[in-house]
Amino acid sequence: PGNPPVVLAVGRLHSQKGFDILLDAFAHVRSKMECRLVVLGEGKERSRLEAQAEALNLSSEVDLPGFCTNPFALMARAGCFVLSSRWEGFPNALVEAMACGAPVVAANCPSGPLEILGELAPLVPVGDSYALGEAILTTLQSRPASGVLRARATEFSVAAATARYMAVMEGR
């Protein structure tokens, strides 16, 4: 409370995750409001992302602290969780952020975000940093209720998946 909101992203520092797109989107967001970007993860793109943040004059507002074994406390306090991926299998971090009550914004990449979110949160075209930035701004300014996203996240819990498997196996 009282500090600028944090935009949070989690994943390997790899081109798949679209953190370069997120940095461009964050530059747009930062030009409109005070906030910070934290990207949790490690990977071969670290130096390129750090250089991009510096070129965008965002070094003091962007933090790449590395891998975090327990990102859930940060997710629970994030102003917005962003999935900027170019593609995914099943974006676990998106569901985890939802379960923590974080407002979310996602690129509508193949596959996962649309199937998980439906119309519950903003989905933007893959690679569109302006649309991503606008969705982040809207989310930070309106802070949607977290209950609906939390409820949706429970549909992907181990207990829910096990119940569905058991129903199929038992012919229900």
# chains A, B, ... in the order shown; residues from 1 in each chain; ligands from 1
>>> residues_around(residues="Leu37 in chain A", least_positions_apart="5", cutoff="9 Å", atoms="only C-alpha atoms", output="PDB file with N, CA, C and O atoms, in the first residue's frame")
ATOM      1  N   PRO A   5       2.181   0.275  -8.138  1.00  0.00           N
ATOM      2  CA  PRO A   5       1.832  -1.127  -8.379  1.00  0.00           C
ATOM      3  C   PRO A   5       2.949  -1.862  -9.107  1.00  0.00           C
ATOM      4  O   PRO A   5       3.730  -1.264  -9.845  1.00  0.00           O
ATOM      5  N   VAL A   6       2.981  -3.168  -8.887  1.00  0.00           N
ATOM      6  CA  VAL A   6       3.973  -4.019  -9.530  1.00  0.00           C
ATOM      7  C   VAL A   6       3.295  -4.849 -10.604  1.00  0.00           C
ATOM      8  O   VAL A   6       2.284  -5.509 -10.351  1.00  0.00           O
ATOM      9  N   VAL A   7       3.856  -4.805 -11.790  1.00  0.00           N
ATOM     10  CA  VAL A   7       3.481  -5.693 -12.886  1.00  0.00           C
ATOM     11  C   VAL A   7       4.426  -6.875 -12.771  1.00  0.00           C
ATOM     12  O   VAL A   7       5.644  -6.693 -12.708  1.00  0.00           O
ATOM     13  N   LEU A   8       3.869  -8.078 -12.730  1.00  0.00           N
ATOM     14  CA  LEU A   8       4.675  -9.266 -12.481  1.00  0.00           C
ATOM     15  C   LEU A   8       4.573 -10.234 -13.648  1.00  0.00           C
ATOM     16  O   LEU A   8       3.488 -10.429 -14.199  1.00  0.00           O
ATOM     17  N   ALA A   9       5.691 -10.826 -14.009  1.00  0.00           N
ATOM     18  CA  ALA A   9       5.735 -11.897 -15.002  1.00  0.00           C
ATOM     19  C   ALA A   9       6.670 -12.976 -14.463  1.00  0.00           C
ATOM     20  O   ALA A   9       7.606 -12.680 -13.726  1.00  0.00           O
ATOM     21  N   LEU A  23       8.487  -5.797 -22.185  1.00  0.00           N
ATOM     22  CA  LEU A  23       9.273  -4.590 -21.900  1.00  0.00           C
ATOM     23  C   LEU A  23       8.785  -3.412 -22.735  1.00  0.00           C
ATOM     24  O   LEU A  23       8.656  -2.291 -22.219  1.00  0.00           O
ATOM     25  N   PHE A  26       5.538  -2.377 -21.239  1.00  0.00           N
ATOM     26  CA  PHE A  26       5.765  -1.701 -19.972  1.00  0.00           C
ATOM     27  C   PHE A  26       6.240  -0.266 -20.194  1.00  0.00           C
ATOM     28  O   PHE A  26       5.862   0.630 -19.435  1.00  0.00           O
ATOM     29  N   GLU A  61      13.117   0.920 -13.076  1.00  0.00           N
ATOM     30  CA  GLU A  61      11.746   0.448 -12.840  1.00  0.00           C
ATOM     31  C   GLU A  61      11.560  -1.030 -13.146  1.00  0.00           C
ATOM     32  O   GLU A  61      10.472  -1.572 -12.945  1.00  0.00           O
ATOM     33  N   VAL A  62      12.598  -1.689 -13.698  1.00  0.00           N
ATOM     34  CA  VAL A  62      12.515  -3.095 -14.077  1.00  0.00           C
ATOM     35  C   VAL A  62      13.479  -3.896 -13.213  1.00  0.00           C
ATOM     36  O   VAL A  62      14.641  -3.538 -13.071  1.00  0.00           O
ATOM     37  N   ASP A  63      12.977  -4.993 -12.664  1.00  0.00           N
ATOM     38  CA  ASP A  63      13.803  -5.862 -11.828  1.00  0.00           C
ATOM     39  C   ASP A  63      13.712  -7.288 -12.362  1.00  0.00           C
ATOM     40  O   ASP A  63      12.615  -7.806 -12.578  1.00  0.00           O
ATOM     41  N   LEU A  64      14.871  -7.897 -12.599  1.00  0.00           N
ATOM     42  CA  LEU A  64      14.967  -9.294 -13.028  1.00  0.00           C
ATOM     43  C   LEU A  64      15.754 -10.045 -11.955  1.00  0.00           C
ATOM     44  O   LEU A  64      16.935 -10.330 -12.121  1.00  0.00           O
TER      45      LEU A  64
END
>>> residues_around(residues="range 74-88 of chain A", least_positions_apart="3", cutoff="8 Å", atoms="only C-alpha atoms", output="VMD selection string")
chain A and resid 5 to 10 15 to 19 21 to 22 71 91 94 97 100 to 107 109 to 112 126 to 127 132 136 139 to 140 143
>>> write_last_selection(atoms="N, CA and C atoms", output="mmCIF file, in the first residue's frame")
data_model
loop_
_atom_site.group_PDB
_atom_site.id
_atom_site.type_symbol
_atom_site.label_atom_id
_atom_site.label_comp_id
_atom_site.auth_asym_id
_atom_site.auth_seq_id
_atom_site.Cartn_x
_atom_site.Cartn_y
_atom_site.Cartn_z
ATOM 1 N N PRO A 5 2.181 0.275 -8.138
ATOM 2 C CA PRO A 5 1.832 -1.127 -8.379
ATOM 3 C C PRO A 5 2.949 -1.862 -9.107
ATOM 4 N N VAL A 6 2.981 -3.168 -8.887
ATOM 5 C CA VAL A 6 3.973 -4.019 -9.530
ATOM 6 C C VAL A 6 3.295 -4.849 -10.604
ATOM 7 N N VAL A 7 3.856 -4.805 -11.790
ATOM 8 C CA VAL A 7 3.481 -5.693 -12.886
ATOM 9 C C VAL A 7 4.426 -6.875 -12.771
ATOM 10 N N LEU A 8 3.869 -8.078 -12.730
ATOM 11 C CA LEU A 8 4.675 -9.266 -12.481
ATOM 12 C C LEU A 8 4.573 -10.234 -13.648
ATOM 13 N N ALA A 9 5.691 -10.826 -14.009
ATOM 14 C CA ALA A 9 5.735 -11.897 -15.002
ATOM 15 C C ALA A 9 6.670 -12.976 -14.463
ATOM 16 N N VAL A 10 6.396 -14.226 -14.849
ATOM 17 C CA VAL A 10 7.175 -15.355 -14.349
ATOM 18 C C VAL A 10 7.453 -16.313 -15.491
ATOM 19 N N SER A 15 12.900 -16.489 -25.590
ATOM 20 C CA SER A 15 12.062 -15.766 -26.557
ATOM 21 C C SER A 15 10.609 -16.249 -26.544
ATOM 22 N N GLN A 16 10.367 -17.519 -26.213
ATOM 23 C CA GLN A 16 9.004 -18.045 -26.138
ATOM 24 C C GLN A 16 8.126 -17.189 -25.221
ATOM 25 N N LYS A 17 8.685 -16.711 -24.132
ATOM 26 C CA LYS A 17 7.906 -16.030 -23.102
ATOM 27 C C LYS A 17 7.565 -14.586 -23.464
ATOM 28 N N GLY A 18 8.162 -14.041 -24.510
ATOM 29 C CA GLY A 18 7.786 -12.712 -24.985
ATOM 30 C C GLY A 18 8.103 -11.577 -24.023
ATOM 31 N N PHE A 19 9.128 -11.740 -23.205
ATOM 32 C CA PHE A 19 9.449 -10.678 -22.265
ATOM 33 C C PHE A 19 9.960 -9.426 -22.967
ATOM 34 N N ILE A 21 8.549 -8.272 -25.659
ATOM 35 C CA ILE A 21 7.277 -7.613 -25.952
ATOM 36 C C ILE A 21 6.753 -6.940 -24.688
ATOM 37 N N LEU A 22 6.864 -7.637 -23.565
ATOM 38 C CA LEU A 22 6.421 -7.082 -22.294
ATOM 39 C C LEU A 22 7.196 -5.818 -21.945
ATOM 40 N N PRO A 71 6.937 -17.947 -5.750
ATOM 41 C CA PRO A 71 6.497 -16.637 -6.244
ATOM 42 C C PRO A 71 5.104 -16.230 -5.759
ATOM 43 N N PRO A 91 -0.093 -22.812 -19.493
ATOM 44 C CA PRO A 91 0.623 -21.799 -18.703
ATOM 45 C C PRO A 91 0.323 -21.897 -17.205
ATOM 46 N N LEU A 94 0.100 -18.703 -15.080
ATOM 47 C CA LEU A 94 -1.150 -17.954 -15.223
ATOM 48 C C LEU A 94 -2.187 -18.451 -14.222
ATOM 49 N N ALA A 97 -1.143 -17.543 -10.641
ATOM 50 C CA ALA A 97 -1.411 -16.129 -10.341
ATOM 51 C C ALA A 97 -2.902 -15.918 -10.073
ATOM 52 N N CYS A 100 -3.846 -17.046 -6.718
ATOM 53 C CA CYS A 100 -3.364 -16.111 -5.694
ATOM 54 C C CYS A 100 -4.174 -14.818 -5.663
ATOM 55 N N GLY A 101 -5.083 -14.667 -6.594
ATOM 56 C CA GLY A 101 -5.929 -13.479 -6.627
ATOM 57 C C GLY A 101 -5.384 -12.325 -7.434
ATOM 58 N N ALA A 102 -4.344 -12.565 -8.219
ATOM 59 C CA ALA A 102 -3.781 -11.489 -9.035
ATOM 60 C C ALA A 102 -4.668 -11.200 -10.240
ATOM 61 N N PRO A 103 -4.901 -9.938 -10.549
ATOM 62 C CA PRO A 103 -5.531 -9.618 -11.819
ATOM 63 C C PRO A 103 -4.563 -10.037 -12.927
ATOM 64 N N VAL A 104 -5.072 -10.548 -14.032
ATOM 65 C CA VAL A 104 -4.194 -11.061 -15.077
ATOM 66 C C VAL A 104 -4.511 -10.450 -16.432
ATOM 67 N N VAL A 105 -3.483 -10.410 -17.257
ATOM 68 C CA VAL A 105 -3.557 -10.019 -18.661
ATOM 69 C C VAL A 105 -2.731 -11.054 -19.403
ATOM 70 N N ALA A 106 -3.212 -11.501 -20.562
ATOM 71 C CA ALA A 106 -2.467 -12.530 -21.286
ATOM 72 C C ALA A 106 -2.499 -12.289 -22.778
ATOM 73 N N ALA A 107 -1.413 -12.692 -23.429
ATOM 74 C CA ALA A 107 -1.398 -12.769 -24.890
ATOM 75 C C ALA A 107 -2.203 -13.996 -25.279
ATOM 76 N N CYS A 109 -2.015 -16.517 -27.011
ATOM 77 C CA CYS A 109 -1.094 -17.383 -27.742
ATOM 78 C C CYS A 109 -1.640 -18.800 -27.815
ATOM 79 N N PRO A 110 -1.127 -19.584 -28.763
ATOM 80 C CA PRO A 110 -1.477 -20.995 -28.763
ATOM 81 C C PRO A 110 -0.615 -21.666 -27.694
ATOM 82 N N SER A 111 -1.070 -22.416 -26.887
ATOM 83 C CA SER A 111 -2.412 -22.733 -26.466
ATOM 84 C C SER A 111 -2.521 -22.495 -24.992
ATOM 85 N N GLY A 112 -3.727 -22.320 -24.493
ATOM 86 C CA GLY A 112 -3.939 -22.194 -23.072
ATOM 87 C C GLY A 112 -4.661 -20.960 -22.590
ATOM 88 N N VAL A 126 -0.944 -11.805 -29.856
ATOM 89 C CA VAL A 126 0.465 -12.134 -29.614
ATOM 90 C C VAL A 126 1.349 -11.121 -30.332
ATOM 91 N N GLY A 127 2.343 -10.615 -29.623
ATOM 92 C CA GLY A 127 3.313 -9.702 -30.223
ATOM 93 C C GLY A 127 2.878 -8.252 -30.282
ATOM 94 N N LEU A 132 -1.001 -4.915 -25.384
ATOM 95 C CA LEU A 132 -0.620 -5.463 -24.087
ATOM 96 C C LEU A 132 -0.490 -4.340 -23.064
ATOM 97 N N ILE A 136 -2.714 -3.779 -19.668
ATOM 98 C CA ILE A 136 -2.073 -3.647 -18.358
ATOM 99 C C ILE A 136 -2.547 -2.371 -17.675
ATOM 100 N N THR A 139 -6.089 -2.721 -16.434
ATOM 101 C CA THR A 139 -6.132 -3.626 -15.284
ATOM 102 C C THR A 139 -5.589 -2.950 -14.030
ATOM 103 N N LEU A 140 -4.479 -2.225 -14.160
ATOM 104 C CA LEU A 140 -3.910 -1.534 -12.997
ATOM 105 C C LEU A 140 -4.839 -0.443 -12.484
ATOM 106 N N ARG A 143 -8.381 -2.542 -11.222
ATOM 107 C CA ARG A 143 -8.195 -3.682 -10.306
ATOM 108 C C ARG A 143 -9.472 -4.514 -10.171
#
>>> residues_around(residues="Gly11 in chain A", least_positions_apart="4", cutoff="8 Å", atoms="only C-alpha atoms", output="list in words")
Lys17, Val39, Leu40, Gly41, Glu42 and Ala93 of chain A
>>> write_last_selection(atoms="all heavy atoms", output="PDB file, in the first residue's frame")
ATOM      1  N   LYS A  17       8.685 -16.711 -24.132  1.00  0.00           N
ATOM      2  CA  LYS A  17       7.906 -16.030 -23.102  1.00  0.00           C
ATOM      3  C   LYS A  17       7.565 -14.586 -23.464  1.00  0.00           C
ATOM      4  O   LYS A  17       6.766 -13.954 -22.784  1.00  0.00           O
ATOM      5  CB  LYS A  17       8.624 -16.085 -21.763  1.00  0.00           C
ATOM      6  CG  LYS A  17       8.858 -17.508 -21.269  1.00  0.00           C
ATOM      7  CD  LYS A  17       7.565 -18.284 -21.085  1.00  0.00           C
ATOM      8  CE  LYS A  17       7.799 -19.671 -20.529  1.00  0.00           C
ATOM      9  NZ  LYS A  17       6.560 -20.423 -20.370  1.00  0.00           N
ATOM     10  N   VAL A  39      10.235  -9.392 -13.294  1.00  0.00           N
ATOM     11  CA  VAL A  39      10.188 -10.625 -14.083  1.00  0.00           C
ATOM     12  C   VAL A  39      11.005 -11.670 -13.332  1.00  0.00           C
ATOM     13  O   VAL A  39      12.224 -11.536 -13.213  1.00  0.00           O
ATOM     14  CB  VAL A  39      10.738 -10.422 -15.513  1.00  0.00           C
ATOM     15  CG1 VAL A  39      10.685 -11.737 -16.287  1.00  0.00           C
ATOM     16  CG2 VAL A  39       9.976  -9.325 -16.245  1.00  0.00           C
ATOM     17  N   LEU A  40      10.317 -12.687 -12.832  1.00  0.00           N
ATOM     18  CA  LEU A  40      10.981 -13.775 -12.112  1.00  0.00           C
ATOM     19  C   LEU A  40      11.352 -14.870 -13.095  1.00  0.00           C
ATOM     20  O   LEU A  40      10.511 -15.316 -13.867  1.00  0.00           O
ATOM     21  CB  LEU A  40      10.045 -14.361 -11.047  1.00  0.00           C
ATOM     22  CG  LEU A  40       9.538 -13.422  -9.974  1.00  0.00           C
ATOM     23  CD1 LEU A  40       8.563 -14.157  -9.050  1.00  0.00           C
ATOM     24  CD2 LEU A  40      10.683 -12.820  -9.190  1.00  0.00           C
ATOM     25  N   GLY A  41      12.584 -15.295 -13.056  1.00  0.00           N
ATOM     26  CA  GLY A  41      13.037 -16.363 -13.932  1.00  0.00           C
ATOM     27  C   GLY A  41      14.478 -16.177 -14.317  1.00  0.00           C
ATOM     28  O   GLY A  41      15.076 -15.122 -14.102  1.00  0.00           O
ATOM     29  N   GLU A  42      15.016 -17.202 -14.916  1.00  0.00           N
ATOM     30  CA  GLU A  42      16.412 -17.187 -15.348  1.00  0.00           C
ATOM     31  C   GLU A  42      16.482 -17.777 -16.746  1.00  0.00           C
ATOM     32  O   GLU A  42      15.624 -18.566 -17.132  1.00  0.00           O
ATOM     33  CB  GLU A  42      17.254 -18.004 -14.367  1.00  0.00           C
ATOM     34  CG  GLU A  42      18.729 -17.720 -14.438  1.00  0.00           C
ATOM     35  CD  GLU A  42      19.063 -16.249 -14.308  1.00  0.00           C
ATOM     36  OE1 GLU A  42      18.945 -15.684 -13.217  1.00  0.00           O
ATOM     37  OE2 GLU A  42      19.461 -15.653 -15.346  1.00  0.00           O
ATOM     38  N   ALA A  93       1.909 -20.767 -14.632  1.00  0.00           N
ATOM     39  CA  ALA A  93       2.058 -19.520 -13.883  1.00  0.00           C
ATOM     40  C   ALA A  93       0.796 -18.664 -13.961  1.00  0.00           C
ATOM     41  O   ALA A  93       0.449 -17.987 -12.995  1.00  0.00           O
ATOM     42  CB  ALA A  93       3.268 -18.741 -14.381  1.00  0.00           C
TER      43      ALA A  93
END
>>> select_by_dssp(residues="chain A", states="helix (DSSP H, G or I)", output="MDAnalysis selection string")
chainID A and resid 15:17 19:32 46:55 72:77 92:99 113:117 129:142 147:154 158:169
>>> residues_around(residues="Ala153 in chain A", least_positions_apart="4", cutoff="10 Å", atoms="only C-alpha atoms", output="tab-separated table (two decimals) with N, CA, C and O atoms, in the first residue's frame")
chain	number	residue	atom	x	y	z
A	94	LEU	N	0.10	-18.70	-15.08
A	94	LEU	CA	-1.15	-17.95	-15.22
A	94	LEU	C	-2.19	-18.45	-14.22
A	94	LEU	O	-2.82	-17.66	-13.51
A	95	VAL	N	-2.36	-19.75	-14.14
A	95	VAL	CA	-3.33	-20.33	-13.21
A	95	VAL	C	-2.89	-20.08	-11.76
A	95	VAL	O	-3.72	-19.77	-10.90
A	96	GLU	N	-1.61	-20.18	-11.50
A	96	GLU	CA	-1.11	-19.93	-10.15
A	96	GLU	C	-1.38	-18.49	-9.73
A	96	GLU	O	-1.81	-18.23	-8.60
A	97	ALA	N	-1.14	-17.54	-10.64
A	97	ALA	CA	-1.41	-16.13	-10.34
A	97	ALA	C	-2.90	-15.92	-10.07
A	97	ALA	O	-3.28	-15.19	-9.15
A	98	MET	N	-3.75	-16.55	-10.88
A	98	MET	CA	-5.19	-16.45	-10.68
A	98	MET	C	-5.57	-17.01	-9.31
A	98	MET	O	-6.38	-16.40	-8.59
A	99	ALA	N	-5.00	-18.15	-8.93
A	99	ALA	CA	-5.28	-18.76	-7.64
A	99	ALA	C	-4.85	-17.86	-6.48
A	99	ALA	O	-5.46	-17.89	-5.41
A	100	CYS	N	-3.85	-17.05	-6.72
A	100	CYS	CA	-3.36	-16.11	-5.69
A	100	CYS	C	-4.17	-14.82	-5.66
A	100	CYS	O	-3.93	-13.95	-4.82
A	101	GLY	N	-5.08	-14.67	-6.59
A	101	GLY	CA	-5.93	-13.48	-6.63
A	101	GLY	C	-5.38	-12.32	-7.43
A	101	GLY	O	-5.92	-11.21	-7.37
A	116	ILE	N	-8.23	-21.09	-20.69
A	116	ILE	CA	-8.24	-20.86	-19.25
A	116	ILE	C	-9.08	-19.64	-18.89
A	116	ILE	O	-9.91	-19.69	-17.99
A	117	LEU	N	-8.89	-18.55	-19.61
A	117	LEU	CA	-9.52	-17.29	-19.23
A	117	LEU	C	-10.89	-17.05	-19.85
A	117	LEU	O	-11.72	-16.38	-19.23
A	147	GLY	N	-12.18	-12.73	-7.03
A	147	GLY	CA	-12.94	-13.94	-6.71
A	147	GLY	C	-13.25	-14.81	-7.92
A	147	GLY	O	-13.18	-16.03	-7.84
A	148	VAL	N	-13.61	-14.19	-9.02
A	148	VAL	CA	-13.96	-14.95	-10.23
A	148	VAL	C	-12.74	-15.68	-10.77
A	148	VAL	O	-12.83	-16.86	-11.16
A	149	LEU	N	-11.59	-15.02	-10.79
A	149	LEU	CA	-10.37	-15.67	-11.27
A	149	LEU	C	-9.93	-16.78	-10.32
A	149	LEU	O	-9.48	-17.84	-10.76
A	157	SER	N	-7.18	-27.38	-10.33
A	157	SER	CA	-6.47	-27.94	-9.18
A	157	SER	C	-6.28	-29.44	-9.36
A	157	SER	O	-6.96	-30.09	-10.16
>>> residues_around(residues="Lys32 in chain A", least_positions_apart="3", cutoff="12 Å", atoms="only C-alpha atoms", output="ChimeraX atom specification")
/A:25-29,35,133-134,136-138,140-141
>>> write_last_selection(atoms="all heavy atoms", output="compact mmCIF listing (two decimals), in the first residue's frame")
# COMPACT_ATOMS: atom_id res chain seq x y z
N ALA A 25 5.75 -3.07 -23.92
CA ALA A 25 4.43 -2.74 -23.37
C ALA A 25 4.59 -1.96 -22.07
O ALA A 25 3.88 -0.98 -21.83
CB ALA A 25 3.64 -4.03 -23.13
N PHE A 26 5.54 -2.38 -21.24
CA PHE A 26 5.77 -1.70 -19.97
C PHE A 26 6.24 -0.27 -20.19
O PHE A 26 5.86 0.63 -19.43
CB PHE A 26 6.76 -2.48 -19.11
CG PHE A 26 6.98 -1.85 -17.76
CD1 PHE A 26 5.99 -1.92 -16.80
CD2 PHE A 26 8.15 -1.18 -17.47
CE1 PHE A 26 6.17 -1.32 -15.55
CE2 PHE A 26 8.34 -0.59 -16.25
CZ PHE A 26 7.35 -0.65 -15.28
N ALA A 27 7.03 -0.04 -21.21
CA ALA A 27 7.47 1.33 -21.52
C ALA A 27 6.24 2.21 -21.79
O ALA A 27 6.18 3.37 -21.34
CB ALA A 27 8.41 1.34 -22.73
N HIS A 28 5.27 1.68 -22.50
CA HIS A 28 4.02 2.41 -22.76
C HIS A 28 3.28 2.66 -21.45
O HIS A 28 2.83 3.79 -21.18
CB HIS A 28 3.15 1.61 -23.74
CG HIS A 28 1.80 2.18 -23.94
ND1 HIS A 28 1.58 3.39 -24.58
CD2 HIS A 28 0.58 1.72 -23.58
CE1 HIS A 28 0.28 3.64 -24.60
NE2 HIS A 28 -0.35 2.64 -24.01
N VAL A 29 3.15 1.63 -20.62
CA VAL A 29 2.46 1.77 -19.33
C VAL A 29 3.17 2.80 -18.47
O VAL A 29 2.54 3.70 -17.90
CB VAL A 29 2.40 0.41 -18.60
CG1 VAL A 29 1.84 0.57 -17.19
CG2 VAL A 29 1.57 -0.59 -19.39
N CYS A 35 4.81 2.80 -11.96
CA CYS A 35 4.69 1.38 -11.64
C CYS A 35 6.06 0.74 -11.80
O CYS A 35 7.01 1.39 -12.22
CB CYS A 35 3.65 0.69 -12.51
SG CYS A 35 3.91 0.86 -14.28
N GLY A 133 0.17 -3.27 -23.46
CA GLY A 133 0.33 -2.12 -22.56
C GLY A 133 -1.01 -1.51 -22.16
O GLY A 133 -1.24 -1.18 -21.00
N GLU A 134 -1.91 -1.37 -23.12
CA GLU A 134 -3.23 -0.81 -22.83
C GLU A 134 -4.01 -1.72 -21.87
O GLU A 134 -4.68 -1.24 -20.96
CB GLU A 134 -4.02 -0.60 -24.12
CG GLU A 134 -3.57 0.61 -24.92
CD GLU A 134 -3.86 1.93 -24.20
OE1 GLU A 134 -5.01 2.15 -23.79
OE2 GLU A 134 -2.91 2.72 -24.04
N ILE A 136 -2.71 -3.78 -19.67
CA ILE A 136 -2.07 -3.65 -18.36
C ILE A 136 -2.55 -2.37 -17.68
O ILE A 136 -2.92 -2.38 -16.50
CB ILE A 136 -0.53 -3.68 -18.48
CG1 ILE A 136 -0.05 -5.05 -18.95
CG2 ILE A 136 0.13 -3.28 -17.16
CD1 ILE A 136 1.41 -5.09 -19.38
N LEU A 137 -2.55 -1.26 -18.41
CA LEU A 137 -3.02 0.02 -17.85
C LEU A 137 -4.44 -0.10 -17.32
O LEU A 137 -4.73 0.31 -16.19
CB LEU A 137 -2.98 1.11 -18.92
CG LEU A 137 -1.70 1.89 -19.07
CD1 LEU A 137 -1.75 2.76 -20.32
CD2 LEU A 137 -1.42 2.73 -17.84
N THR A 138 -5.32 -0.64 -18.14
CA THR A 138 -6.72 -0.79 -17.73
C THR A 138 -6.83 -1.64 -16.48
O THR A 138 -7.58 -1.31 -15.55
CB THR A 138 -7.54 -1.41 -18.88
OG1 THR A 138 -7.47 -0.54 -20.01
CG2 THR A 138 -8.99 -1.63 -18.48
N LEU A 140 -4.48 -2.23 -14.16
CA LEU A 140 -3.91 -1.53 -13.00
C LEU A 140 -4.84 -0.44 -12.48
O LEU A 140 -4.93 -0.21 -11.28
CB LEU A 140 -2.55 -0.92 -13.35
CG LEU A 140 -1.39 -1.89 -13.55
CD1 LEU A 140 -0.16 -1.14 -14.03
CD2 LEU A 140 -1.09 -2.68 -12.29
N GLN A 141 -5.53 0.23 -13.39
CA GLN A 141 -6.40 1.34 -13.01
C GLN A 141 -7.74 0.87 -12.44
O GLN A 141 -8.35 1.58 -11.65
CB GLN A 141 -6.60 2.27 -14.19
CG GLN A 141 -5.33 2.99 -14.57
CD GLN A 141 -5.40 3.70 -15.92
OE1 GLN A 141 -6.26 3.44 -16.73
NE2 GLN A 141 -4.47 4.62 -16.13
>>> atom_distance(atom1="CA of Pro1 in chain A", atom2="CA of Arg30 in chain A")
18.7 Å
>>> select_by_dssp(residues="range 27-65 of chain A", states="strand (DSSP E)", output="PyMOL selection string")
chain A and resi 36-40+62-65
>>> atom_distance(atom1="CA of Ala145 in chain A", atom2="CA of Ala121 in chain A")
10.7 Å
>>> closest_residue(among="A:Asp24, A:Gly89, A:Arg150, A:Glu115", to="Ala55 in chain A", atoms="only C-alpha atoms")
A:Asp24
>>> closest_residue(among="A:Leu13, A:Leu120, A:Ala73, A:Leu56", to="Ala151 in chain A", atoms="only C-alpha atoms")
A:Leu120
